[in-house]
Amino acid sequence: MKLIDGKKIANQIKEEIAQEVKQIVESGGRAPHLAAVIVGHDGASETYVGHKEKACAQVGFKSTVLRFEETITEEEMLAQVNKLNNDPGVDGFILQLPLPKHISEQKVIEAIDPRKDVDGFHPINLGRMVIGLPAYISATPAGIMELIKRYEIETSGKDVVVVGRSNIVGKPMTILLGQKAYPGNATVTMAHSRTKNLKDLLLKADIVIAALGVAEFLTADMVKEGATVIDVGITRVKSDTTKSGWKLLGDVKFDEVAEKTDYITPVPGGVGPMTIVSLMQNTLKAAKGEIYSE
Ligand code: NDP
């Protein structure tokens with residue numbers, strides 16, 4: 001069993017980005033600038049935005065957080081997005097979801113200029129990804145692809161089961177691993193809550209991407225000997241053994257599944273750190289005008 005160390009790879013990539021930013025600044029350019037929009041006072045959203053700000057500081061990016069009260073209207077929100085779209089000093093920006101119920105997330109996402117959509121949520125970026133054009137790819141799938149690359153895991157001709165079909169993880173993962181490239185060229189099955197014979201499918205899979213959000217769902221009896229298992233799930237549960245009183249569990253029962261695998265990601269320290277670093281990579285691409293250069 002080989003542990004896929006997302007934390008280590010994420011630190012390496014941060015170092016690479018920091019070097020590039022240093023060169024940009026030394027040659028007279030300005031540091032990439034990521035803005036984040038946060039509405040209300042949701043604890044988890046505050047934590048995520050805090051992590052993103054910290055990562056920006058580590059790689060030398062400028063970061064700005066725009067905070068709004070829950071009472072902001074959809075119209076005001078759209079006006080803010082428009083302002084960011086037209087601000088030449090902002091390379092990319094993200095909307096920390098969820099937004100309050102009275103605001104249509106889809107409408108606001110579609111108002112983002114795809115050139116600044118570093119979360120890769122805009123339908124234009126998703127569509128471009130599907131047909132193999134350069135696109136901002138949402139951070140978690142992009143991070144998983146990077147881990148597969150850096151660990152040189154073979155995907156061509158492999159049977160992959162992605163458990164979960166969300167727009168930000170499951171669906172893009174399915175497309176990316178089926179694309180005619182490396183990583184890709186796999187035969188991919190997208191499983192979800194209505195899938196009938198999930199265990200049978202999983203037992204045939206060379207690679208399993210578990211992105212369902214059910215703590216320790218995947219057990220050893222569901223995994224083929226020698227498989228690669230990527231655990232995306234994060235569930236916070238109470239714990240007597242940690243100082244905070246909480247711990248994070250993945251979608252995989254790590255100890256028993258690890259014994260059967262060739263490669264496996266832990267939780268925490270696997271996919272999670274890669275997600276933030278992918279956002280940094282997308283922001284750097286935005287600053288360099290790499291995706292929409294034509
Ligand atoms: P969603 O809740 O949007 O999607 C979950 C998917 O899993 C759905 O497609 C659902 O099926 C499917 N599913 C749920 N239960 C089962 C089951 N028992 N059997 C088979 N399929 C099932 O979740 P996300 O994609 O947003 O996130 C998934 C997990 O990944 C969460 O734990 C989340 O916290 C974590 N996450 C981690 C990130 C990281 O940085 N590490 C980033 C993003 C997410 P259906 O469509 O039929 O309802």
# chains A, B, ... in the order shown; residues from 1 in each chain; ligands from 1

$ residues_near_ligand --ligand "ligand 1" --cutoff "7 Å" --atoms "only C-alpha atoms and all ligand atoms" --output "list in words"
Thr140, Val163, Gly164, Arg165, Ser166, Ile168, Val169, Gly170, Ala191, His192, Ser193, Arg194, Thr195, Ala211, Leu212, Gly213, Val214, Val232, Gly233, Ile234, Thr235, Val271, Gly272, Pro273 and Thr275 of chain A

$ select_by_dssp --residues "range 14-92 of chain A" --states "strand (DSSP E)" --output "list in words"
His33, Leu34, Ala35, Ala36, Val37, Ile38, Val39, Lys62, Ser63, Thr64, Val65, Leu66, Arg67, Phe68 and Gly92 of chain A

$ write_last_selection --atoms "N, CA, C and O atoms" --output "PDB file, in the first residue's frame"
ATOM      1  N   HIS A  33      -4.216  38.255  -8.033  1.00  0.00           N
ATOM      2  CA  HIS A  33      -5.163  38.713  -7.009  1.00  0.00           C
ATOM      3  C   HIS A  33      -6.433  37.867  -7.052  1.00  0.00           C
ATOM      4  O   HIS A  33      -7.134  37.851  -8.062  1.00  0.00           O
ATOM      5  N   LEU A  34      -6.700  37.181  -5.948  1.00  0.00           N
ATOM      6  CA  LEU A  34      -7.919  36.372  -5.806  1.00  0.00           C
ATOM      7  C   LEU A  34      -8.866  37.070  -4.836  1.00  0.00           C
ATOM      8  O   LEU A  34      -8.460  37.443  -3.739  1.00  0.00           O
ATOM      9  N   ALA A  35     -10.108  37.238  -5.255  1.00  0.00           N
ATOM     10  CA  ALA A  35     -11.115  37.800  -4.337  1.00  0.00           C
ATOM     11  C   ALA A  35     -12.116  36.717  -3.970  1.00  0.00           C
ATOM     12  O   ALA A  35     -12.376  35.800  -4.758  1.00  0.00           O
ATOM     13  N   ALA A  36     -12.639  36.802  -2.759  1.00  0.00           N
ATOM     14  CA  ALA A  36     -13.659  35.841  -2.312  1.00  0.00           C
ATOM     15  C   ALA A  36     -14.858  36.627  -1.797  1.00  0.00           C
ATOM     16  O   ALA A  36     -14.699  37.639  -1.114  1.00  0.00           O
ATOM     17  N   VAL A  37     -16.043  36.146  -2.160  1.00  0.00           N
ATOM     18  CA  VAL A  37     -17.271  36.792  -1.691  1.00  0.00           C
ATOM     19  C   VAL A  37     -17.924  35.851  -0.687  1.00  0.00           C
ATOM     20  O   VAL A  37     -18.141  34.674  -0.983  1.00  0.00           O
ATOM     21  N   ILE A  38     -18.220  36.378   0.479  1.00  0.00           N
ATOM     22  CA  ILE A  38     -18.853  35.543   1.502  1.00  0.00           C
ATOM     23  C   ILE A  38     -20.090  36.274   2.031  1.00  0.00           C
ATOM     24  O   ILE A  38     -20.034  37.469   2.299  1.00  0.00           O
ATOM     25  N   VAL A  39     -21.177  35.533   2.134  1.00  0.00           N
ATOM     26  CA  VAL A  39     -22.432  36.136   2.600  1.00  0.00           C
ATOM     27  C   VAL A  39     -22.851  35.458   3.892  1.00  0.00           C
ATOM     28  O   VAL A  39     -22.881  34.232   3.978  1.00  0.00           O
ATOM     29  N   LYS A  62      -2.173  38.423  -3.801  1.00  0.00           N
ATOM     30  CA  LYS A  62      -2.997  39.371  -3.058  1.00  0.00           C
ATOM     31  C   LYS A  62      -4.365  38.711  -2.885  1.00  0.00           C
ATOM     32  O   LYS A  62      -4.847  38.028  -3.794  1.00  0.00           O
ATOM     33  N   SER A  63      -4.982  38.860  -1.710  1.00  0.00           N
ATOM     34  CA  SER A  63      -6.338  38.323  -1.560  1.00  0.00           C
ATOM     35  C   SER A  63      -7.237  39.368  -0.912  1.00  0.00           C
ATOM     36  O   SER A  63      -6.793  40.154  -0.084  1.00  0.00           O
ATOM     37  N   THR A  64      -8.477  39.357  -1.343  1.00  0.00           N
ATOM     38  CA  THR A  64      -9.460  40.287  -0.785  1.00  0.00           C
ATOM     39  C   THR A  64     -10.697  39.484  -0.439  1.00  0.00           C
ATOM     40  O   THR A  64     -11.106  38.621  -1.222  1.00  0.00           O
ATOM     41  N   VAL A  65     -11.269  39.749   0.720  1.00  0.00           N
ATOM     42  CA  VAL A  65     -12.532  39.087   1.072  1.00  0.00           C
ATOM     43  C   VAL A  65     -13.618  40.150   1.146  1.00  0.00           C
ATOM     44  O   VAL A  65     -13.480  41.144   1.859  1.00  0.00           O
ATOM     45  N   LEU A  66     -14.682  39.939   0.375  1.00  0.00           N
ATOM     46  CA  LEU A  66     -15.820  40.870   0.415  1.00  0.00           C
ATOM     47  C   LEU A  66     -16.918  40.211   1.223  1.00  0.00           C
ATOM     48  O   LEU A  66     -17.407  39.126   0.851  1.00  0.00           O
ATOM     49  N   ARG A  67     -17.271  40.838   2.343  1.00  0.00           N
ATOM     50  CA  ARG A  67     -18.274  40.234   3.239  1.00  0.00           C
ATOM     51  C   ARG A  67     -19.590  40.977   3.144  1.00  0.00           C
ATOM     52  O   ARG A  67     -19.615  42.203   3.173  1.00  0.00           O
ATOM     53  N   PHE A  68     -20.676  40.218   3.059  1.00  0.00           N
ATOM     54  CA  PHE A  68     -22.009  40.824   3.011  1.00  0.00           C
ATOM     55  C   PHE A  68     -22.935  40.147   4.007  1.00  0.00           C
ATOM     56  O   PHE A  68     -22.779  38.962   4.304  1.00  0.00           O
ATOM     57  N   GLY A  92      -9.172  36.713 -10.481  1.00  0.00           N
ATOM     58  CA  GLY A  92     -10.195  35.677 -10.358  1.00  0.00           C
ATOM     59  C   GLY A  92     -10.939  35.856  -9.058  1.00  0.00           C
ATOM     60  O   GLY A  92     -10.423  36.479  -8.127  1.00  0.00           O
TER      61      GLY A  92
END

$ residues_around --residues "range 148-150 of chain A" --least-positions-apart "5" --cutoff "8 Å" --atoms "only C-alpha atoms" --output "VMD selection string"
chain A and resid 9 182 to 183

$ residues_around --residues "range 121-130 of chain A" --least-positions-apart "3" --cutoff "6 Å" --atoms "only C-alpha atoms" --output "PDB file with C-alpha atoms, in the first residue's frame"
ATOM      1  CA  ILE A 109     -22.667  31.825 -10.913  1.00  0.00           C
ATOM      2  CA  GLU A 110     -23.796  32.478 -14.469  1.00  0.00           C
ATOM      3  CA  LEU A 133     -11.019  22.894 -24.492  1.00  0.00           C
ATOM      4  CA  ALA A 135     -11.085  25.558 -19.002  1.00  0.00           C
ATOM      5  CA  TYR A 136     -11.024  26.332 -15.309  1.00  0.00           C
TER       6      TYR A 136
END

$ select_by_dssp --residues "range 139-276 of chain A" --states "alpha helix (DSSP H)" --output "mmCIF file with all heavy atoms, in the first residue's frame"
data_model
loop_
_atom_site.group_PDB
_atom_site.id
_atom_site.type_symbol
_atom_site.label_atom_id
_atom_site.label_comp_id
_atom_site.auth_asym_id
_atom_site.auth_seq_id
_atom_site.Cartn_x
_atom_site.Cartn_y
_atom_site.Cartn_z
ATOM 1 N N ALA A 139 -11.920 22.918 -8.331
ATOM 2 C CA ALA A 139 -10.688 22.672 -7.583
ATOM 3 C C ALA A 139 -10.508 21.225 -7.101
ATOM 4 O O ALA A 139 -9.399 20.695 -7.177
ATOM 5 C CB ALA A 139 -10.628 23.634 -6.402
ATOM 6 N N THR A 140 -11.567 20.592 -6.648
ATOM 7 C CA THR A 140 -11.382 19.236 -6.109
ATOM 8 C C THR A 140 -11.030 18.238 -7.217
ATOM 9 O O THR A 140 -10.023 17.526 -7.097
ATOM 10 C CB THR A 140 -12.617 18.803 -5.290
ATOM 11 O OG1 THR A 140 -12.823 19.785 -4.274
ATOM 12 C CG2 THR A 140 -12.431 17.450 -4.662
ATOM 13 N N PRO A 141 -11.798 18.179 -8.315
ATOM 14 C CA PRO A 141 -11.388 17.269 -9.396
ATOM 15 C C PRO A 141 -9.998 17.613 -9.945
ATOM 16 O O PRO A 141 -9.199 16.718 -10.229
ATOM 17 C CB PRO A 141 -12.457 17.476 -10.472
ATOM 18 C CG PRO A 141 -13.611 18.057 -9.775
ATOM 19 C CD PRO A 141 -13.096 18.821 -8.615
ATOM 20 N N ALA A 142 -9.694 18.910 -10.066
ATOM 21 C CA ALA A 142 -8.370 19.291 -10.572
ATOM 22 C C ALA A 142 -7.283 18.775 -9.627
ATOM 23 O O ALA A 142 -6.242 18.275 -10.064
ATOM 24 C CB ALA A 142 -8.271 20.810 -10.719
ATOM 25 N N GLY A 143 -7.535 18.867 -8.341
ATOM 26 C CA GLY A 143 -6.561 18.397 -7.342
ATOM 27 C C GLY A 143 -6.365 16.889 -7.417
ATOM 28 O O GLY A 143 -5.242 16.380 -7.295
ATOM 29 N N ILE A 144 -7.442 16.165 -7.651
ATOM 30 C CA ILE A 144 -7.351 14.697 -7.756
ATOM 31 C C ILE A 144 -6.536 14.324 -9.002
ATOM 32 O O ILE A 144 -5.665 13.447 -8.957
ATOM 33 C CB ILE A 144 -8.763 14.065 -7.798
ATOM 34 C CG1 ILE A 144 -9.474 14.299 -6.458
ATOM 35 C CG2 ILE A 144 -8.683 12.571 -8.122
ATOM 36 C CD1 ILE A 144 -10.948 13.924 -6.445
ATOM 37 N N MET A 145 -6.796 15.031 -10.104
ATOM 38 C CA MET A 145 -6.045 14.759 -11.342
ATOM 39 C C MET A 145 -4.550 15.005 -11.120
ATOM 40 O O MET A 145 -3.699 14.261 -11.602
ATOM 41 C CB MET A 145 -6.566 15.638 -12.482
ATOM 42 C CG MET A 145 -7.986 15.336 -12.898
ATOM 43 S SD MET A 145 -8.184 13.688 -13.612
ATOM 44 C CE MET A 145 -7.768 14.027 -15.306
ATOM 45 N N GLU A 146 -4.247 16.054 -10.391
ATOM 46 C CA GLU A 146 -2.842 16.393 -10.111
ATOM 47 C C GLU A 146 -2.187 15.286 -9.257
ATOM 48 O O GLU A 146 -1.046 14.900 -9.504
ATOM 49 C CB GLU A 146 -2.800 17.739 -9.377
ATOM 50 C CG GLU A 146 -1.439 18.360 -9.242
ATOM 51 C CD GLU A 146 -0.893 18.938 -10.543
ATOM 52 O OE1 GLU A 146 -1.653 19.590 -11.276
ATOM 53 O OE2 GLU A 146 0.317 18.725 -10.816
ATOM 54 N N LEU A 147 -2.927 14.776 -8.278
ATOM 55 C CA LEU A 147 -2.371 13.691 -7.446
ATOM 56 C C LEU A 147 -2.090 12.455 -8.298
ATOM 57 O O LEU A 147 -1.052 11.808 -8.153
ATOM 58 C CB LEU A 147 -3.355 13.313 -6.322
ATOM 59 C CG LEU A 147 -3.446 14.256 -5.124
ATOM 60 C CD1 LEU A 147 -4.500 13.746 -4.140
ATOM 61 C CD2 LEU A 147 -2.100 14.383 -4.412
ATOM 62 N N ILE A 148 -3.026 12.130 -9.185
ATOM 63 C CA ILE A 148 -2.851 10.950 -10.046
ATOM 64 C C ILE A 148 -1.599 11.130 -10.909
ATOM 65 O O ILE A 148 -0.792 10.217 -11.055
ATOM 66 C CB ILE A 148 -4.122 10.735 -10.915
ATOM 67 C CG1 ILE A 148 -5.294 10.294 -10.028
ATOM 68 C CG2 ILE A 148 -3.865 9.715 -12.029
ATOM 69 C CD1 ILE A 148 -6.633 10.170 -10.738
ATOM 70 N N LYS A 149 -1.423 12.364 -11.431
ATOM 71 C CA LYS A 149 -0.251 12.659 -12.269
ATOM 72 C C LYS A 149 1.039 12.539 -11.482
ATOM 73 O O LYS A 149 1.980 11.892 -11.891
ATOM 74 C CB LYS A 149 -0.347 14.099 -12.781
ATOM 75 C CG LYS A 149 -0.779 14.212 -14.224
ATOM 76 C CD LYS A 149 -0.533 15.618 -14.743
ATOM 77 C CE LYS A 149 -1.832 16.388 -14.744
ATOM 78 N NZ LYS A 149 -1.719 17.787 -15.135
ATOM 79 N N ARG A 150 1.053 13.187 -10.322
ATOM 80 C CA ARG A 150 2.315 13.239 -9.562
ATOM 81 C C ARG A 150 2.709 11.869 -9.030
ATOM 82 O O ARG A 150 3.883 11.596 -8.823
ATOM 83 C CB ARG A 150 2.208 14.257 -8.433
ATOM 84 C CG ARG A 150 1.954 15.654 -9.002
ATOM 85 C CD ARG A 150 2.851 16.693 -8.417
ATOM 86 N NE ARG A 150 2.611 17.959 -9.119
ATOM 87 C CZ ARG A 150 3.379 19.023 -9.012
ATOM 88 N NH1 ARG A 150 4.436 19.005 -8.236
ATOM 89 N NH2 ARG A 150 3.111 20.128 -9.672
ATOM 90 N N GLY A 170 -18.294 14.776 -8.460
ATOM 91 C CA GLY A 170 -18.545 13.513 -9.160
ATOM 92 C C GLY A 170 -18.593 13.641 -10.673
ATOM 93 O O GLY A 170 -17.861 12.948 -11.391
ATOM 94 N N LYS A 171 -19.434 14.559 -11.171
ATOM 95 C CA LYS A 171 -19.596 14.676 -12.630
ATOM 96 C C LYS A 171 -18.288 15.079 -13.320
ATOM 97 O O LYS A 171 -17.878 14.417 -14.278
ATOM 98 C CB LYS A 171 -20.701 15.680 -12.967
ATOM 99 C CG LYS A 171 -22.037 15.012 -13.180
ATOM 100 C CD LYS A 171 -23.053 16.031 -13.683
ATOM 101 C CE LYS A 171 -24.378 15.776 -13.004
ATOM 102 N NZ LYS A 171 -25.279 16.909 -13.072
ATOM 103 N N PRO A 172 -17.617 16.156 -12.866
ATOM 104 C CA PRO A 172 -16.354 16.493 -13.546
ATOM 105 C C PRO A 172 -15.324 15.358 -13.482
ATOM 106 O O PRO A 172 -14.613 15.108 -14.452
ATOM 107 C CB PRO A 172 -15.846 17.733 -12.798
ATOM 108 C CG PRO A 172 -16.912 18.170 -11.874
ATOM 109 C CD PRO A 172 -17.992 17.155 -11.860
ATOM 110 N N MET A 173 -15.278 14.648 -12.369
ATOM 111 C CA MET A 173 -14.319 13.530 -12.247
ATOM 112 C C MET A 173 -14.572 12.484 -13.323
ATOM 113 O O MET A 173 -13.655 11.924 -13.921
ATOM 114 C CB MET A 173 -14.502 12.857 -10.880
ATOM 115 C CG MET A 173 -13.456 12.977 -9.845
ATOM 116 S SD MET A 173 -11.978 13.853 -10.162
ATOM 117 C CE MET A 173 -10.931 12.707 -10.988
ATOM 118 N N THR A 174 -15.871 12.207 -13.540
ATOM 119 C CA THR A 174 -16.268 11.207 -14.536
ATOM 120 C C THR A 174 -15.791 11.627 -15.927
ATOM 121 O O THR A 174 -15.232 10.823 -16.675
ATOM 122 C CB THR A 174 -17.815 11.088 -14.532
ATOM 123 O OG1 THR A 174 -18.222 10.901 -13.199
ATOM 124 C CG2 THR A 174 -18.288 9.938 -15.358
ATOM 125 N N ILE A 175 -15.996 12.902 -16.245
ATOM 126 C CA ILE A 175 -15.587 13.420 -17.565
ATOM 127 C C ILE A 175 -14.059 13.377 -17.698
ATOM 128 O O ILE A 175 -13.525 12.912 -18.700
ATOM 129 C CB ILE A 175 -16.050 14.898 -17.743
ATOM 130 C CG1 ILE A 175 -17.559 15.045 -17.556
ATOM 131 C CG2 ILE A 175 -15.569 15.481 -19.077
ATOM 132 C CD1 ILE A 175 -18.387 14.471 -18.648
ATOM 133 N N LEU A 176 -13.382 13.875 -16.671
ATOM 134 C CA LEU A 176 -11.923 14.004 -16.766
ATOM 135 C C LEU A 176 -11.242 12.645 -16.920
ATOM 136 O O LEU A 176 -10.310 12.490 -17.702
ATOM 137 C CB LEU A 176 -11.370 14.735 -15.533
ATOM 138 C CG LEU A 176 -11.749 16.215 -15.442
ATOM 139 C CD1 LEU A 176 -11.439 16.771 -14.053
ATOM 140 C CD2 LEU A 176 -11.020 17.023 -16.514
ATOM 141 N N LEU A 177 -11.711 11.646 -16.193
ATOM 142 C CA LEU A 177 -11.045 10.342 -16.279
ATOM 143 C C LEU A 177 -11.410 9.595 -17.560
ATOM 144 O O LEU A 177 -10.748 8.631 -17.930
ATOM 145 C CB LEU A 177 -11.322 9.504 -15.028
ATOM 146 C CG LEU A 177 -10.550 10.004 -13.804
ATOM 147 C CD1 LEU A 177 -11.004 9.294 -12.533
ATOM 148 C CD2 LEU A 177 -9.044 9.800 -13.978
ATOM 149 N N GLY A 178 -12.464 10.063 -18.234
ATOM 150 C CA GLY A 178 -12.838 9.444 -19.509
ATOM 151 C C GLY A 178 -12.251 10.173 -20.706
ATOM 152 O O GLY A 178 -12.390 9.723 -21.845
ATOM 153 N N LEU A 198 -24.085 -1.496 -6.629
ATOM 154 C CA LEU A 198 -22.858 -0.729 -6.376
ATOM 155 C C LEU A 198 -21.691 -1.619 -5.941
ATOM 156 O O LEU A 198 -20.579 -1.490 -6.438
ATOM 157 C CB LEU A 198 -23.138 0.379 -5.348
ATOM 158 C CG LEU A 198 -21.973 1.306 -5.041
ATOM 159 C CD1 LEU A 198 -21.435 1.971 -6.301
ATOM 160 C CD2 LEU A 198 -22.372 2.395 -4.041
ATOM 161 N N LYS A 199 -21.967 -2.539 -5.020
ATOM 162 C CA LYS A 199 -20.868 -3.378 -4.518
ATOM 163 C C LYS A 199 -20.239 -4.196 -5.657
ATOM 164 O O LYS A 199 -19.014 -4.295 -5.755
ATOM 165 C CB LYS A 199 -21.378 -4.299 -3.406
ATOM 166 C CG LYS A 199 -20.267 -5.036 -2.700
ATOM 167 C CD LYS A 199 -20.766 -5.816 -1.516
ATOM 168 C CE LYS A 199 -19.657 -6.730 -1.002
ATOM 169 N NZ LYS A 199 -20.104 -7.571 0.093
ATOM 170 N N ASP A 200 -21.066 -4.731 -6.539
ATOM 171 C CA ASP A 200 -20.540 -5.515 -7.676
ATOM 172 C C ASP A 200 -19.675 -4.630 -8.572
ATOM 173 O O ASP A 200 -18.615 -5.049 -9.028
ATOM 174 C CB ASP A 200 -21.687 -6.075 -8.540
ATOM 175 C CG ASP A 200 -22.509 -7.096 -7.785
ATOM 176 O OD1 ASP A 200 -22.015 -7.594 -6.749
ATOM 177 O OD2 ASP A 200 -23.642 -7.374 -8.208
ATOM 178 N N LEU A 201 -20.145 -3.407 -8.811
ATOM 179 C CA LEU A 201 -19.375 -2.479 -9.655
ATOM 180 C C LEU A 201 -18.046 -2.152 -8.996
ATOM 181 O O LEU A 201 -16.995 -2.152 -9.641
ATOM 182 C CB LEU A 201 -20.159 -1.185 -9.883
ATOM 183 C CG LEU A 201 -21.435 -1.274 -10.713
ATOM 184 C CD1 LEU A 201 -22.233 0.022 -10.619
ATOM 185 C CD2 LEU A 201 -21.083 -1.562 -12.172
ATOM 186 N N LEU A 202 -18.112 -1.861 -7.695
ATOM 187 C CA LEU A 202 -16.894 -1.473 -6.980
ATOM 188 C C LEU A 202 -15.865 -2.605 -6.971
ATOM 189 O O LEU A 202 -14.667 -2.369 -7.101
ATOM 190 C CB LEU A 202 -17.239 -1.073 -5.538
ATOM 191 C CG LEU A 202 -17.960 0.276 -5.386
ATOM 192 C CD1 LEU A 202 -18.549 0.427 -3.994
ATOM 193 C CD2 LEU A 202 -16.998 1.425 -5.688
ATOM 194 N N LEU A 203 -16.345 -3.829 -6.847
ATOM 195 C CA LEU A 203 -15.414 -4.967 -6.783
ATOM 196 C C LEU A 203 -14.679 -5.189 -8.109
ATOM 197 O O LEU A 203 -13.664 -5.873 -8.140
ATOM 198 C CB LEU A 203 -16.152 -6.234 -6.352
ATOM 199 C CG LEU A 203 -16.401 -6.314 -4.842
ATOM 200 C CD1 LEU A 203 -17.370 -7.435 -4.506
ATOM 201 C CD2 LEU A 203 -15.092 -6.498 -4.065
ATOM 202 N N LYS A 204 -15.180 -4.585 -9.178
ATOM 203 C CA LYS A 204 -14.496 -4.716 -10.479
ATOM 204 C C LYS A 204 -13.598 -3.510 -10.754
ATOM 205 O O LYS A 204 -12.870 -3.499 -11.743
ATOM 206 C CB LYS A 204 -15.537 -4.812 -11.604
ATOM 207 C CG LYS A 204 -16.305 -6.119 -11.578
ATOM 208 C CD LYS A 204 -17.107 -6.267 -12.867
ATOM 209 C CE LYS A 204 -18.166 -7.342 -12.726
ATOM 210 N NZ LYS A 204 -19.520 -6.848 -12.848
ATOM 211 N N PHE A 254 -10.704 3.676 6.348
ATOM 212 C CA PHE A 254 -9.310 3.694 5.907
ATOM 213 C C PHE A 254 -8.521 2.446 6.325
ATOM 214 O O PHE A 254 -7.901 1.795 5.488
ATOM 215 C CB PHE A 254 -8.619 4.967 6.416
ATOM 216 C CG PHE A 254 -7.209 5.097 5.933
ATOM 217 C CD1 PHE A 254 -6.931 5.675 4.704
ATOM 218 C CD2 PHE A 254 -6.150 4.607 6.677
ATOM 219 C CE1 PHE A 254 -5.629 5.775 4.234
ATOM 220 C CE2 PHE A 254 -4.842 4.697 6.213
ATOM 221 C CZ PHE A 254 -4.584 5.287 4.996
ATOM 222 N N ASP A 255 -8.515 2.118 7.615
ATOM 223 C CA ASP A 255 -7.608 1.065 8.096
ATOM 224 C C ASP A 255 -7.815 -0.257 7.369
ATOM 225 O O ASP A 255 -6.866 -0.900 6.949
ATOM 226 C CB ASP A 255 -7.764 0.866 9.608
ATOM 227 C CG ASP A 255 -7.234 2.078 10.351
ATOM 228 O OD1 ASP A 255 -6.438 2.825 9.741
ATOM 229 O OD2 ASP A 255 -7.637 2.292 11.508
ATOM 230 N N GLU A 256 -9.066 -0.661 7.211
ATOM 231 C CA GLU A 256 -9.296 -1.967 6.573
ATOM 232 C C GLU A 256 -9.172 -1.910 5.049
ATOM 233 O O GLU A 256 -8.702 -2.860 4.435
ATOM 234 C CB GLU A 256 -10.650 -2.565 7.003
ATOM 235 C CG GLU A 256 -11.864 -1.711 6.645
ATOM 236 C CD GLU A 256 -13.178 -2.413 7.013
ATOM 237 O OE1 GLU A 256 -13.377 -2.682 8.209
ATOM 238 O OE2 GLU A 256 -13.990 -2.693 6.096
ATOM 239 N N VAL A 257 -9.530 -0.783 4.449
ATOM 240 C CA VAL A 257 -9.456 -0.676 2.982
ATOM 241 C C VAL A 257 -7.992 -0.539 2.543
ATOM 242 O O VAL A 257 -7.564 -1.139 1.551
ATOM 243 C CB VAL A 257 -10.311 0.508 2.463
ATOM 244 C CG1 VAL A 257 -10.080 0.745 0.972
ATOM 245 C CG2 VAL A 257 -11.790 0.241 2.719
ATOM 246 N N ALA A 258 -7.199 0.224 3.319
ATOM 247 C CA ALA A 258 -5.801 0.502 2.944
ATOM 248 C C ALA A 258 -5.034 -0.791 2.684
ATOM 249 O O ALA A 258 -4.252 -0.885 1.736
ATOM 250 C CB ALA A 258 -5.131 1.312 4.034
ATOM 251 N N VAL A 271 -7.069 14.527 -0.351
ATOM 252 C CA VAL A 271 -7.652 15.403 -1.372
ATOM 253 C C VAL A 271 -7.822 16.847 -0.863
ATOM 254 O O VAL A 271 -7.644 17.803 -1.614
ATOM 255 C CB VAL A 271 -9.007 14.820 -1.858
ATOM 256 C CG1 VAL A 271 -9.733 15.775 -2.780
ATOM 257 C CG2 VAL A 271 -8.785 13.470 -2.538
ATOM 258 N N GLY A 272 -8.154 16.994 0.414
ATOM 259 C CA GLY A 272 -8.447 18.318 0.984
ATOM 260 C C GLY A 272 -7.396 19.380 0.672
ATOM 261 O O GLY A 272 -7.717 20.418 0.077
ATOM 262 N N PRO A 273 -6.115 19.153 1.033
ATOM 263 C CA PRO A 273 -5.103 20.185 0.773
ATOM 264 C C PRO A 273 -4.935 20.487 -0.715
ATOM 265 O O PRO A 273 -4.569 21.594 -1.098
ATOM 266 C CB PRO A 273 -3.805 19.569 1.332
ATOM 267 C CG PRO A 273 -4.217 18.435 2.190
ATOM 268 C CD PRO A 273 -5.570 17.993 1.750
ATOM 269 N N MET A 274 -5.223 19.500 -1.574
ATOM 270 C CA MET A 274 -5.078 19.697 -3.021
ATOM 271 C C MET A 274 -6.154 20.631 -3.574
ATOM 272 O O MET A 274 -5.956 21.308 -4.570
ATOM 273 C CB MET A 274 -5.158 18.357 -3.751
ATOM 274 C CG MET A 274 -3.993 17.454 -3.486
ATOM 275 S SD MET A 274 -2.419 18.193 -3.950
ATOM 276 C CE MET A 274 -2.582 18.274 -5.721
ATOM 277 N N THR A 275 -7.304 20.640 -2.914
ATOM 278 C CA THR A 275 -8.408 21.467 -3.387
ATOM 279 C C THR A 275 -8.011 22.943 -3.349
ATOM 280 O O THR A 275 -8.184 23.681 -4.317
ATOM 281 C CB THR A 275 -9.666 21.189 -2.534
ATOM 282 O OG1 THR A 275 -10.046 19.836 -2.756
ATOM 283 C CG2 THR A 275 -10.821 22.086 -2.906
ATOM 284 N N ILE A 276 -7.437 23.355 -2.226
ATOM 285 C CA ILE A 276 -7.057 24.771 -2.091
ATOM 286 C C ILE A 276 -5.927 25.122 -3.052
ATOM 287 O O ILE A 276 -5.922 26.177 -3.689
ATOM 288 C CB ILE A 276 -6.690 25.095 -0.624
ATOM 289 C CG1 ILE A 276 -7.984 24.986 0.191
ATOM 290 C CG2 ILE A 276 -6.030 26.459 -0.492
ATOM 291 C CD1 ILE A 276 -7.942 25.550 1.555
#

$ residues_around --residues "Leu284 in chain A" --least-positions-apart "2" --cutoff "10 Å" --atoms "only C-alpha atoms" --output "number ranges by chain"
A: 17, 20-21, 31-34, 61, 91-92, 118, 278-282, 286-290

$ atom_distance --atom1 "CA of Gln19 in chain A" --atom2 "CA of Glu53 in chain A"
18.2 Å

$ atom_distance --atom1 "CA of Tyr292 in chain A" --atom2 "CA of Ile112 in chain A"
14.5 Å

$ atom_distance --atom1 "CA of Tyr263 in chain A" --atom2 "CA of Val162 in chain A"
15.9 Å

$ residues_around --residues "Val267 in chain A" --least-positions-apart "4" --cutoff "7 Å" --atoms "only C-alpha atoms" --output "number ranges by chain"
A: 248-250

$ write_last_selection --atoms "C-alpha atoms" --output "short mmCIF file (atom, residue, chain, number, x, y, z; two decimals), in the first residue's frame"
data_model
loop_
_atom_site.label_atom_id
_atom_site.label_comp_id
_atom_site.auth_asym_id
_atom_site.auth_seq_id
_atom_site.Cartn_x
_atom_site.Cartn_y
_atom_site.Cartn_z
CA LEU A 248 -12.83 14.37 10.25
CA LEU A 249 -13.86 11.12 8.62
CA GLY A 250 -13.65 10.25 4.94
#

$ residues_around --residues "Asn82 in chain A" --least-positions-apart "3" --cutoff "10 Å" --atoms "only C-alpha atoms" --output "list in words"
Glu76, Met77, Leu78, Ala79, Asn85, Asn86, Asp87, Val108, Ala111, Ile112 and Asp113 of chain A
